[in-house]
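A short write-up of the structure that comes next.
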Amino acid sequence: MKYVLIVVIFCICVFVGYITYSKYNKRKKFYASLIMLAEKLSVEINFSRERLKILIENFDAGTKKNLLGIDEGFVSYLDKKNELTINDIFQKANCLKQDEKEFILLFLKTLGRSDVENQTKEITSFIQRFNEKKEETEKEHKKYGSLSLKLSIVAGLFFTILLI
Amino acid sequence: MLSKILPEKIWSIIDRKVNLKAVNEIRFRADKPIIVCVSGKNYFLSENGATSNLSSALYASKIVIEDIIFRASECSIYSVNEQIKKGFIVTENGVRIGIGGNIVEENGVIKTMTNFYSCNIRIPHNVKNCSLSAFPFIVTESGVENTLVISPPGCGKTTFLKDFVNQLGERNNALNVLLLDERGELDTKLSSNFYDKISFSTKKVGFENGIRSLSPDLIITDEVGQEEDIDAILYASTSGVKVLATTHADSIETFCHKPLFQKLIQEKIFRRYVLLSKRNGPGTFEGIYNENFSRLSSKF
């Protein structure tokens, strides 16, 4: 019974650490994917001038899954199925901070609203900000993500030793 | 299609309380009442449908207008900038939306339009047989006559052209028809199987390319209004290709005084002039005239 309890406590500690780690990992991947999406939009708007909905729907599925559902939320808005609000767009993006959500919403609000030249400039300026955010999340991931995983293992071991 | 463009509240009123089949236009002006044109007459749009009572009218805001234009461009203004530069957007169903706003020019070249403060949604209708009365005068035993359809805006010129194409198709006339659809308005819900089309091209390019590559017998095009359009028509007439076109004027007299058309009038390029008005609703025939402007018939 005692050993079962030890295993359970150890697993809980590691799980908590993993959740924290994955939160930082998701944030890092999210910004990397968001930049890829923004770059694709910038290029396609310049050359093919294809409709926004088609561009987003045709975006690489592998990268799209890291966007935490904001692409789906935005396409629903384009289809007039929901509003362009934080609640509607960021339903699955709990790992993002409020100010980040507001900034990304601002980005989405500018999409499709101007001519090619201005649209490209706007996207480029957003990409710069997203890059800064990406670097920030990479640092966070290195610093806190790995740390939380290591700490959780240490905490698990600590409780194990304590119980033994 | 309108349901995709209009704000939900306005769409639900128009859908439920206005006879959409009779709606010609819906006009939005920033901070002004929304106007709905039903069977050629203007009304205010209220919660209860079309009304003449200003106090119950719904007002349009700038945000609403911008949103309509955004939606009409399929949420991609950049993809329709060439149209916006000319002051309109045409949706996939041929709904034309005229836009008022600030023109942005650089070195004398229009770059785009911003700060939209009005829009005019023109709803196309297919009116079956609306060109039938004029048809025998245009298509004679010797073939199709060069014809110009004349009317003020919103009197059914485009509807006339569309029905004419269908009438030709129904009669299975062995004519190669080229639709030069500069604004994407003509090629909607056409039943004819006997036409080619060139869309979103200027008349100059469309006429030249079309005549060279598609060898049409008849070119049908909307709204002649520039010097190069006249040159294109002259080019077609010297190439043995017939033309059915439209232009703006409120009477034959006004038309005859338009400097742009003097060469065509003097050379008698057009052998038929069809005059339309909206006296009894859009598409009212006022008369058909020959190249000497003698009335051929007015019994419509």
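Every chain in the structure tokens takes a letter, A first, then B, and so on in the order presented; its residues are numbered from 1, and the ligands are numbered from 1 following the presented order.
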
Can you list, as an MDAnalysis selection string, every protein, DNA or RNA residue that comes within 10 Å of Lys101 in chain A when you count only C-alpha atoms, leaving out same-chain residues fewer than 3 positions away? chainID A and resid 85:87 89:90 93:98 104:107

Once you count only C-alpha atoms, what closest atom pair and distance in Å to one decimal does each residue of chain B within 7 Å of chain A have, with rows by chain and rising residue number, as a tab-separated table?
residue	atom	partner	partner_atom	distance
B:Phe70	CA	A:Arg113	CA	6.6
B:Glu74	CA	A:Arg51	CA	6.7
B:Cys75	CA	A:Gly112	CA	5.4
B:Ser76	CA	A:Gly112	CA	4.1
B:Ile77	CA	A:Gly112	CA	5.3
B:Tyr78	CA	A:Asp115	CA	4.0
B:Ser79	CA	A:Arg49	CA	5.2
B:Asn81	CA	A:Asp115	CA	5.9
B:Thr112	CA	A:Asp115	CA	6.9

Within 6 Å of range 92-101 of chain B using only C-alpha atoms, minus same-chain residues under 3 positions, as a CSV table (one decimal) with C-alpha atoms, in the first residue's frame:
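That gives us part00.csv:
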chain,number,residue,atom,x,y,z
B,87,GLY,CA,-15.6,52.5,-57.2
B,88,PHE,CA,-17.5,49.2,-57.0
B,89,ILE,CA,-17.3,45.6,-56.0
B,114,THR,CA,-10.4,54.3,-48.1
B,115,ASN,CA,-12.7,55.7,-45.5
B,116,PHE,CA,-15.9,54.3,-47.0
B,117,TYR,CA,-18.9,56.4,-46.2
B,118,SER,CA,-21.6,55.1,-48.5
B,119,CYS,CA,-22.5,52.1,-50.5
B,120,ASN,CA,-25.2,51.2,-52.9
B,121,ILE,CA,-26.2,47.6,-53.3
B,122,ARG,CA,-27.7,47.0,-56.7
B,123,ILE,CA,-29.7,43.8,-56.9
B,185,GLU,CA,-22.5,41.6,-63.7
B,188,THR,CA,-25.2,35.5,-63.8

May I have the residues within 12 Å of Ala61 in chain A as a ChimeraX atom specification, using only C-alpha atoms and disregarding those fewer than 5 positions away in the same chain? /A:33,37,56,66-67,69,71-72

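Residues with any atom within 12 Å of Phe285 in chain B, counting only C-alpha atoms and excluding same-chain neighbours fewer than 3 positions away, are Cys130, Ser131, Leu132, Ser133, Ala134, Val149, Ile150, Ser151, Cys155, Gly156, Lys157, Phe160, Ser251, Tyr273, Val274, Leu275, Leu276, Ser277, Lys278, Arg279, Asn280, Gly281, Pro282, Ile288, Tyr289, Ser297, Ser298, Lys299 and Phe300 of chain B.
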
From a DSSP pass on the backbone, collect the residues of range 7-77 of chain B flagged as alpha helix (DSSP H) and hand them back as a VMD selection string. chain B and resid 8 to 17 62 to 72

Write down as number ranges by chain the residues belonging to range 145-277 of chain B that are assigned strand (DSSP E or B) by DSSP computed on the backbone. B: 147-151, 177-181, 195-199, 218-221, 242-248, 272-277

Requested write-out: N, CA and C atoms of the selected residues, as a short mmCIF file (atom, residue, chain, number, x, y, z; two decimals), in the first residue's frame:
data_model
loop_
_atom_site.label_atom_id
_atom_site.label_comp_id
_atom_site.auth_asym_id
_atom_site.auth_seq_id
_atom_site.Cartn_x
_atom_site.Cartn_y
_atom_site.Cartn_z
N THR B 147 -26.67 47.71 -81.93
CA THR B 147 -27.71 48.33 -81.12
C THR B 147 -27.12 48.95 -79.86
N LEU B 148 -27.66 50.11 -79.52
CA LEU B 148 -27.25 50.77 -78.28
C LEU B 148 -28.49 50.94 -77.40
N VAL B 149 -28.42 50.42 -76.19
CA VAL B 149 -29.53 50.56 -75.24
C VAL B 149 -29.22 51.79 -74.39
N ILE B 150 -30.17 52.71 -74.36
CA ILE B 150 -29.94 54.00 -73.68
C ILE B 150 -30.92 54.15 -72.51
N SER B 151 -30.41 54.54 -71.38
CA SER B 151 -31.29 54.86 -70.24
C SER B 151 -30.48 55.50 -69.13
N VAL B 177 -21.72 34.49 -79.62
CA VAL B 177 -21.87 35.71 -78.82
C VAL B 177 -20.70 35.80 -77.84
N LEU B 178 -20.13 36.98 -77.79
CA LEU B 178 -19.09 37.23 -76.78
C LEU B 178 -19.63 38.23 -75.77
N LEU B 179 -19.66 37.81 -74.51
CA LEU B 179 -20.06 38.72 -73.43
C LEU B 179 -18.80 39.37 -72.91
N LEU B 180 -18.72 40.67 -73.08
CA LEU B 180 -17.58 41.39 -72.50
C LEU B 180 -18.07 41.99 -71.18
N ASP B 181 -17.76 41.27 -70.13
CA ASP B 181 -18.37 41.53 -68.84
C ASP B 181 -17.38 42.28 -67.95
N TYR B 195 -22.67 31.35 -75.63
CA TYR B 195 -21.87 32.56 -75.46
C TYR B 195 -20.52 32.25 -74.81
N ASP B 196 -19.53 33.05 -75.22
CA ASP B 196 -18.23 33.05 -74.54
C ASP B 196 -18.21 34.31 -73.70
N LYS B 197 -17.24 34.37 -72.80
CA LYS B 197 -17.18 35.62 -72.02
C LYS B 197 -15.74 36.00 -71.70
N ILE B 198 -15.56 37.30 -71.63
CA ILE B 198 -14.30 37.84 -71.12
C ILE B 198 -14.71 38.77 -69.98
N SER B 199 -14.19 38.48 -68.80
CA SER B 199 -14.61 39.26 -67.63
C SER B 199 -13.51 40.16 -67.11
N LEU B 218 -21.23 38.54 -82.51
CA LEU B 218 -21.86 39.65 -81.77
C LEU B 218 -21.15 39.82 -80.44
N ILE B 219 -20.80 41.07 -80.12
CA ILE B 219 -20.23 41.37 -78.80
C ILE B 219 -21.26 42.14 -78.00
N ILE B 220 -21.53 41.64 -76.81
CA ILE B 220 -22.49 42.31 -75.93
C ILE B 220 -21.72 42.87 -74.75
N THR B 221 -21.89 44.15 -74.52
CA THR B 221 -21.15 44.77 -73.42
C THR B 221 -21.97 45.89 -72.78
N LYS B 242 -20.78 42.50 -84.89
CA LYS B 242 -21.88 43.34 -84.43
C LYS B 242 -21.73 43.62 -82.93
N VAL B 243 -22.34 44.72 -82.51
CA VAL B 243 -22.20 45.13 -81.11
C VAL B 243 -23.58 45.46 -80.53
N LEU B 244 -23.81 44.95 -79.33
CA LEU B 244 -24.98 45.38 -78.55
C LEU B 244 -24.41 45.95 -77.25
N ALA B 245 -24.62 47.25 -77.05
CA ALA B 245 -24.01 47.91 -75.90
C ALA B 245 -25.03 48.79 -75.20
N THR B 246 -24.65 49.33 -74.07
CA THR B 246 -25.55 50.24 -73.35
C THR B 246 -24.80 51.53 -73.00
N THR B 247 -25.56 52.55 -72.75
CA THR B 247 -24.96 53.80 -72.25
C THR B 247 -25.99 54.61 -71.47
N HIS B 248 -25.50 55.60 -70.77
CA HIS B 248 -26.38 56.42 -69.94
C HIS B 248 -26.85 57.68 -70.66
N ARG B 272 -29.76 50.61 -84.39
CA ARG B 272 -30.93 50.58 -83.48
C ARG B 272 -30.57 51.23 -82.16
N TYR B 273 -31.50 52.04 -81.65
CA TYR B 273 -31.35 52.63 -80.31
C TYR B 273 -32.58 52.25 -79.50
N VAL B 274 -32.36 51.58 -78.41
CA VAL B 274 -33.48 51.20 -77.53
C VAL B 274 -33.46 52.14 -76.34
N LEU B 275 -34.58 52.82 -76.10
CA LEU B 275 -34.63 53.76 -74.98
C LEU B 275 -35.45 53.15 -73.84
N LEU B 276 -34.82 53.09 -72.66
CA LEU B 276 -35.50 52.55 -71.48
C LEU B 276 -35.64 53.65 -70.42
N SER B 277 -36.64 53.48 -69.57
CA SER B 277 -36.77 54.39 -68.43
C SER B 277 -37.34 53.58 -67.27
#

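The residue set within 8 Å of range 21-32 of chain A, counting only C-alpha atoms and dropping same-chain residues fewer than 3 places from it, reads A:Gly17, A:Tyr18, A:Ile35, A:Met36, A:Asn66, A:Leu67, A:Leu68, A:Cys95, A:Leu96, A:Phe130, A:Asn131, A:Lys133, A:Lys134, A:Thr137, A:Glu138, A:Glu140, A:His141, A:Tyr144, A:Gly145, A:Ser146, A:Ser148, A:Leu149.
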
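With CA of Leu260 in chain B on one side and CA of Ile230 in chain B on the other, the separation reads 7.7 Å.
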
Which residues are near Leu264 in chain B? Cut-off 12 Å, only C-alpha atoms, ignore same chain within fewer than 2 positions. Put them as a PyMOL selection string. chain B and resi 146-148+224+227+229-235+237+255-256+258-262+266-271+291-292

Next, dump the selected residues to file, keeping only C-alpha atoms, as a PDB file, in the first residue's frame.
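File produced: out-v2.pdb:
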ATOM      1  CA  ASN B 146     -25.631  47.127 -84.041  1.00  0.00           C
ATOM      2  CA  THR B 147     -27.711  48.332 -81.116  1.00  0.00           C
ATOM      3  CA  LEU B 148     -27.249  50.771 -78.277  1.00  0.00           C
ATOM      4  CA  VAL B 224     -19.971  52.531 -72.955  1.00  0.00           C
ATOM      5  CA  GLU B 227     -13.149  57.432 -75.651  1.00  0.00           C
ATOM      6  CA  ASP B 229     -14.786  52.300 -75.655  1.00  0.00           C
ATOM      7  CA  ILE B 230     -15.807  54.190 -78.786  1.00  0.00           C
ATOM      8  CA  ASP B 231     -12.581  53.144 -80.493  1.00  0.00           C
ATOM      9  CA  ALA B 232     -13.262  49.545 -79.506  1.00  0.00           C
ATOM     10  CA  ILE B 233     -16.761  49.708 -81.043  1.00  0.00           C
ATOM     11  CA  LEU B 234     -15.366  51.226 -84.223  1.00  0.00           C
ATOM     12  CA  TYR B 235     -12.761  48.478 -84.313  1.00  0.00           C
ATOM     13  CA  SER B 237     -17.649  47.437 -86.702  1.00  0.00           C
ATOM     14  CA  PHE B 255     -27.839  61.227 -76.152  1.00  0.00           C
ATOM     15  CA  CYS B 256     -27.574  62.966 -79.533  1.00  0.00           C
ATOM     16  CA  LYS B 258     -23.174  63.776 -76.137  1.00  0.00           C
ATOM     17  CA  PRO B 259     -19.832  64.707 -77.724  1.00  0.00           C
ATOM     18  CA  LEU B 260     -18.408  61.237 -77.060  1.00  0.00           C
ATOM     19  CA  PHE B 261     -20.885  59.569 -79.423  1.00  0.00           C
ATOM     20  CA  GLN B 262     -20.779  62.048 -82.316  1.00  0.00           C
ATOM     21  CA  GLN B 266     -22.378  60.437 -87.839  1.00  0.00           C
ATOM     22  CA  GLU B 267     -21.020  57.180 -89.198  1.00  0.00           C
ATOM     23  CA  LYS B 268     -24.333  55.502 -88.329  1.00  0.00           C
ATOM     24  CA  ILE B 269     -22.540  52.659 -86.598  1.00  0.00           C
ATOM     25  CA  PHE B 270     -25.565  51.840 -84.461  1.00  0.00           C
ATOM     26  CA  ARG B 271     -28.628  51.011 -86.470  1.00  0.00           C
ATOM     27  CA  GLU B 291     -29.848  55.102 -87.158  1.00  0.00           C
ATOM     28  CA  ASN B 292     -31.620  58.353 -88.180  1.00  0.00           C
TER      29      ASN B 292
END

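Between CA of Thr91 in chain B and CA of Ala72 in chain B the separation is 6.2 Å.
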
Using only C-alpha atoms, which of the listed residues (A:Leu41, A:Ile161, A:Val14, A:Ile54) sits closest to Lys2 in chain A? A:Ile161
